[in-house]
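Here is the structure we will look at.
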Amino acid sequence: HEKHLRGAQILTECFRKNAGLYIKLGQLVATLDLLVPDEYRVSMAQMCEKAPHSSFENVKEFIQLQLGKPLEEIFSEFSEEPISSASIAQVHKAVLKETGETVAVKVQHQWLKENLHGDLEVVDTFVKIGEFLFPEFKYQWLADGNRANLPKELNFVQEANNLSLIHISEPTRQAEISYAVFCLKKKKK
């Protein structure tokens, strides 16, 4: 019990420091009650509600880079503190300068895309080492699933398209969310 508890604390801290994909893995580990010792699940559960967030300076820089304009030209108000933060993005409350509408602005963590390829390789390597050392350790599905799904989750254009297909009883809310998601997509080269 003590070794699992200490191991869980070390691994949780490591995942938090590396953020991005590791937060996502921690969230997954927290749900694997039949496969993972309780000490790990309980320790990793904190990542489901307390994901690290990007600094306001990084958020502002990213928005300006994506939209080609200073933040102040687009929004009359923009909360510096995120409403929520998750493994791949965070959400800020803002007011559109042009219309006065209050919107939710979803912003990807810049470091996630920068580190994604290397992080996926690290996870794949650790899974392979685990399978080599412990033949009963069959978690390749975890590495394969992340490799296949994360690029889709990072595609905010697709997310905006999906939102437009969903009927929401409050059309303005749908428009606000779609605008926020769509306008902060990664520019195509």
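By convention here, the chains of the structure tokens are called A, B, ... in the order presented, each chain's residues are numbered starting at 1, and ligands are numbered starting at 1 in the order presented.
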
Which residues, written as a short mmCIF file (atom, residue, chain, number, x, y, z; two decimals) with N, CA, C and O atoms, in the first residue's frame, have at least one atom at most 12 Å from A:Gly145, with only C-alpha atoms counted and residues fewer than 4 positions away on the same chain left out?
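Okay, out26.cif is ready:
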data_model
loop_
_atom_site.label_atom_id
_atom_site.label_comp_id
_atom_site.auth_asym_id
_atom_site.auth_seq_id
_atom_site.Cartn_x
_atom_site.Cartn_y
_atom_site.Cartn_z
N LEU A 21 -0.90 15.94 -22.83
CA LEU A 21 -1.23 14.54 -23.00
C LEU A 21 -1.18 13.79 -21.65
O LEU A 21 -2.00 12.91 -21.40
N LYS A 24 -4.31 14.20 -19.74
CA LYS A 24 -5.32 13.34 -20.36
C LYS A 24 -5.13 11.88 -19.91
O LYS A 24 -6.09 11.19 -19.59
N LEU A 25 -3.89 11.43 -19.87
CA LEU A 25 -3.61 10.06 -19.39
C LEU A 25 -3.98 9.90 -17.92
O LEU A 25 -4.54 8.88 -17.53
N LEU A 28 -7.59 9.45 -17.62
CA LEU A 28 -7.97 8.10 -18.01
C LEU A 28 -7.66 7.11 -16.89
O LEU A 28 -8.50 6.27 -16.54
N LEU A 120 3.61 11.57 -27.54
CA LEU A 120 3.03 10.32 -28.04
C LEU A 120 4.10 9.23 -28.16
O LEU A 120 3.85 8.06 -27.85
N VAL A 123 4.91 7.91 -24.59
CA VAL A 123 3.86 7.00 -24.11
C VAL A 123 3.99 5.65 -24.81
O VAL A 123 3.93 4.59 -24.16
N ASP A 124 4.18 5.67 -26.11
CA ASP A 124 4.33 4.42 -26.87
C ASP A 124 5.54 3.62 -26.37
O ASP A 124 5.44 2.40 -26.17
N TYR A 139 -1.36 -2.80 -22.80
CA TYR A 139 -1.93 -1.46 -22.87
C TYR A 139 -1.58 -0.74 -24.17
O TYR A 139 -1.64 0.49 -24.25
N GLN A 140 -1.21 -1.46 -25.21
CA GLN A 140 -0.89 -0.80 -26.48
C GLN A 140 -2.09 -0.02 -27.00
O GLN A 140 -1.93 1.00 -27.65
N TRP A 141 -3.29 -0.48 -26.68
CA TRP A 141 -4.51 0.22 -27.09
C TRP A 141 -4.50 1.66 -26.59
O TRP A 141 -5.04 2.56 -27.25
N ASN A 149 -6.72 9.64 -31.70
CA ASN A 149 -7.77 10.58 -31.28
C ASN A 149 -7.30 11.99 -30.96
O ASN A 149 -8.06 12.94 -31.16
N LEU A 150 -6.10 12.16 -30.46
CA LEU A 150 -5.67 13.50 -30.07
C LEU A 150 -5.66 14.51 -31.22
O LEU A 150 -6.12 15.63 -31.03
N PRO A 151 -5.16 14.15 -32.39
CA PRO A 151 -5.22 15.13 -33.49
C PRO A 151 -6.65 15.57 -33.80
O PRO A 151 -6.90 16.73 -34.13
N LYS A 152 -7.61 14.66 -33.65
CA LYS A 152 -9.02 15.00 -33.88
C LYS A 152 -9.51 15.97 -32.80
O LYS A 152 -10.24 16.91 -33.09
N GLU A 153 -9.11 15.74 -31.56
CA GLU A 153 -9.53 16.61 -30.47
C GLU A 153 -8.92 18.01 -30.59
O GLU A 153 -9.49 18.98 -30.10
#

* DSSP strand (DSSP E or B) residues within stretch 15-113 of chain A, as number ranges by chain -> A: 75-78, 84-85, 89-96, 102-108

* Asked: Between A:Gln108, A:Asn115, A:Asn146, A:Thr125, which has the minimum distance to A:Glu61 (counting only C-alpha atoms)?
  -> A:Gln108

* **Which residue of A:Gln27, A:Gln110, A:Val91, A:His1 approaches A:Leu65 most closely, using only C-alpha atoms** => A:Gln110

* To do: Considering only C-alpha atoms, state which residue in the set A:Ser76, A:Gln46, A:Asn18, A:Ser54 is at the smallest distance from A:Ala89.
  => A:Ser54

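Atom pair atom CA of A:Val122 / atom CA of A:Asp33 has a distance of 23.9 Å (rounded to one decimal).
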
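Taking atom CA of A:Pro135 and atom CA of A:Leu32 as the two end points, the separation is 19.3 Å.
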
* Asked: For A:Leu154, which residue out of A:Glu72, A:Glu114, A:Glu49, A:Glu136 is the nearest one, using only C-alpha atoms?
  -> A:Glu114

* Asked: Nearest to A:Ile10 among A:Leu34, A:Val157, A:Met44, A:Leu112, with distances taken over only C-alpha atoms: which residue is it?
  -> A:Met44

* Within 10 Å of A:Glu81, counting only C-alpha atoms, which residues show up once you throw out same-chain ones fewer than 3 positions away? Write them as a PyMOL selection string, please. => chain A and resi 53-56+78+84-85+90-93

Export, as a PDB file, in the first residue's frame, the selected residues with all heavy atoms.
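So part_34.pdb came out as:
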ATOM      1  N   HIS A  53      -3.480  25.594 -16.203  1.00  0.00           N
ATOM      2  CA  HIS A  53      -3.910  26.495 -17.266  1.00  0.00           C
ATOM      3  C   HIS A  53      -2.741  27.331 -17.780  1.00  0.00           C
ATOM      4  O   HIS A  53      -1.744  27.505 -17.107  1.00  0.00           O
ATOM      5  CB  HIS A  53      -5.065  27.391 -16.799  1.00  0.00           C
ATOM      6  CG  HIS A  53      -4.717  28.325 -15.688  1.00  0.00           C
ATOM      7  ND1 HIS A  53      -4.793  27.968 -14.365  1.00  0.00           N
ATOM      8  CD2 HIS A  53      -4.279  29.613 -15.715  1.00  0.00           C
ATOM      9  CE1 HIS A  53      -4.418  28.991 -13.619  1.00  0.00           C
ATOM     10  NE2 HIS A  53      -4.102  30.001 -14.407  1.00  0.00           N
ATOM     11  N   SER A  54      -2.901  27.804 -19.005  1.00  0.00           N
ATOM     12  CA  SER A  54      -1.891  28.655 -19.632  1.00  0.00           C
ATOM     13  C   SER A  54      -2.005  30.068 -19.057  1.00  0.00           C
ATOM     14  O   SER A  54      -3.092  30.504 -18.667  1.00  0.00           O
ATOM     15  CB  SER A  54      -2.111  28.716 -21.146  1.00  0.00           C
ATOM     16  OG  SER A  54      -1.975  27.450 -21.722  1.00  0.00           O
ATOM     17  N   SER A  55      -0.913  30.781 -19.048  1.00  0.00           N
ATOM     18  CA  SER A  55      -0.928  32.162 -18.547  1.00  0.00           C
ATOM     19  C   SER A  55      -1.724  33.048 -19.498  1.00  0.00           C
ATOM     20  O   SER A  55      -1.859  32.751 -20.690  1.00  0.00           O
ATOM     21  CB  SER A  55       0.500  32.693 -18.439  1.00  0.00           C
ATOM     22  OG  SER A  55       1.039  32.921 -19.727  1.00  0.00           O
ATOM     23  N   PHE A  56      -2.234  34.155 -18.967  1.00  0.00           N
ATOM     24  CA  PHE A  56      -2.983  35.087 -19.795  1.00  0.00           C
ATOM     25  C   PHE A  56      -2.099  35.633 -20.923  1.00  0.00           C
ATOM     26  O   PHE A  56      -2.568  35.831 -22.044  1.00  0.00           O
ATOM     27  CB  PHE A  56      -3.554  36.232 -18.958  1.00  0.00           C
ATOM     28  CG  PHE A  56      -4.294  37.239 -19.792  1.00  0.00           C
ATOM     29  CD1 PHE A  56      -5.473  36.888 -20.439  1.00  0.00           C
ATOM     30  CD2 PHE A  56      -3.807  38.518 -19.968  1.00  0.00           C
ATOM     31  CE1 PHE A  56      -6.161  37.800 -21.233  1.00  0.00           C
ATOM     32  CE2 PHE A  56      -4.476  39.433 -20.759  1.00  0.00           C
ATOM     33  CZ  PHE A  56      -5.662  39.082 -21.393  1.00  0.00           C
ATOM     34  N   PHE A  78     -12.307  40.765 -21.790  1.00  0.00           N
ATOM     35  CA  PHE A  78     -11.755  39.414 -21.884  1.00  0.00           C
ATOM     36  C   PHE A  78     -11.225  39.040 -20.504  1.00  0.00           C
ATOM     37  O   PHE A  78     -10.312  39.696 -19.988  1.00  0.00           O
ATOM     38  CB  PHE A  78     -10.608  39.359 -22.911  1.00  0.00           C
ATOM     39  CG  PHE A  78     -10.247  37.964 -23.327  1.00  0.00           C
ATOM     40  CD1 PHE A  78     -10.768  37.430 -24.489  1.00  0.00           C
ATOM     41  CD2 PHE A  78      -9.399  37.178 -22.552  1.00  0.00           C
ATOM     42  CE1 PHE A  78     -10.448  36.135 -24.882  1.00  0.00           C
ATOM     43  CE2 PHE A  78      -9.079  35.892 -22.926  1.00  0.00           C
ATOM     44  CZ  PHE A  78      -9.602  35.360 -24.099  1.00  0.00           C
ATOM     45  N   SER A  84     -12.626  27.726 -17.047  1.00  0.00           N
ATOM     46  CA  SER A  84     -12.304  26.318 -16.871  1.00  0.00           C
ATOM     47  C   SER A  84     -11.055  25.998 -17.683  1.00  0.00           C
ATOM     48  O   SER A  84     -10.759  26.672 -18.664  1.00  0.00           O
ATOM     49  CB  SER A  84     -13.475  25.472 -17.364  1.00  0.00           C
ATOM     50  OG  SER A  84     -13.212  24.100 -17.189  1.00  0.00           O
ATOM     51  N   SER A  85     -10.345  24.971 -17.250  1.00  0.00           N
ATOM     52  CA  SER A  85      -9.175  24.514 -17.976  1.00  0.00           C
ATOM     53  C   SER A  85      -9.188  22.992 -18.000  1.00  0.00           C
ATOM     54  O   SER A  85      -9.563  22.360 -17.017  1.00  0.00           O
ATOM     55  CB  SER A  85      -7.891  25.017 -17.312  1.00  0.00           C
ATOM     56  OG  SER A  85      -6.767  24.671 -18.085  1.00  0.00           O
ATOM     57  N   GLN A  90      -8.448  25.764 -22.608  1.00  0.00           N
ATOM     58  CA  GLN A  90      -9.115  26.442 -21.510  1.00  0.00           C
ATOM     59  C   GLN A  90     -10.122  27.415 -22.097  1.00  0.00           C
ATOM     60  O   GLN A  90     -10.036  27.774 -23.271  1.00  0.00           O
ATOM     61  CB  GLN A  90      -8.122  27.142 -20.597  1.00  0.00           C
ATOM     62  CG  GLN A  90      -7.313  28.235 -21.241  1.00  0.00           C
ATOM     63  CD  GLN A  90      -6.152  28.661 -20.350  1.00  0.00           C
ATOM     64  OE1 GLN A  90      -5.395  27.827 -19.857  1.00  0.00           O
ATOM     65  NE2 GLN A  90      -6.019  29.959 -20.148  1.00  0.00           N
ATOM     66  N   VAL A  91     -11.085  27.821 -21.272  1.00  0.00           N
ATOM     67  CA  VAL A  91     -12.168  28.676 -21.740  1.00  0.00           C
ATOM     68  C   VAL A  91     -12.165  29.982 -20.955  1.00  0.00           C
ATOM     69  O   VAL A  91     -12.053  29.983 -19.731  1.00  0.00           O
ATOM     70  CB  VAL A  91     -13.535  27.967 -21.582  1.00  0.00           C
ATOM     71  CG1 VAL A  91     -14.678  28.876 -22.005  1.00  0.00           C
ATOM     72  CG2 VAL A  91     -13.553  26.677 -22.385  1.00  0.00           C
ATOM     73  N   HIS A  92     -12.296  31.084 -21.707  1.00  0.00           N
ATOM     74  CA  HIS A  92     -12.369  32.416 -21.110  1.00  0.00           C
ATOM     75  C   HIS A  92     -13.692  33.069 -21.500  1.00  0.00           C
ATOM     76  O   HIS A  92     -14.195  32.853 -22.600  1.00  0.00           O
ATOM     77  CB  HIS A  92     -11.230  33.304 -21.638  1.00  0.00           C
ATOM     78  CG  HIS A  92      -9.887  32.872 -21.160  1.00  0.00           C
ATOM     79  ND1 HIS A  92      -9.262  33.463 -20.092  1.00  0.00           N
ATOM     80  CD2 HIS A  92      -9.049  31.906 -21.602  1.00  0.00           C
ATOM     81  CE1 HIS A  92      -8.093  32.885 -19.901  1.00  0.00           C
ATOM     82  NE2 HIS A  92      -7.942  31.928 -20.805  1.00  0.00           N
ATOM     83  N   LYS A  93     -14.217  33.881 -20.613  1.00  0.00           N
ATOM     84  CA  LYS A  93     -15.404  34.669 -20.903  1.00  0.00           C
ATOM     85  C   LYS A  93     -14.940  35.974 -21.536  1.00  0.00           C
ATOM     86  O   LYS A  93     -13.976  36.590 -21.079  1.00  0.00           O
ATOM     87  CB  LYS A  93     -16.181  34.949 -19.619  1.00  0.00           C
ATOM     88  CG  LYS A  93     -17.460  35.720 -19.827  1.00  0.00           C
ATOM     89  CD  LYS A  93     -18.184  35.932 -18.506  1.00  0.00           C
ATOM     90  CE  LYS A  93     -19.428  36.767 -18.716  1.00  0.00           C
ATOM     91  NZ  LYS A  93     -20.111  37.011 -17.424  1.00  0.00           N
TER      92      LYS A  93
END

* Structure fact -> If you count only C-alpha atoms, the residue of A:His117, A:Lys69, A:Tyr22, A:Phe137 closest to A:Leu35 turns out to be A:Phe137
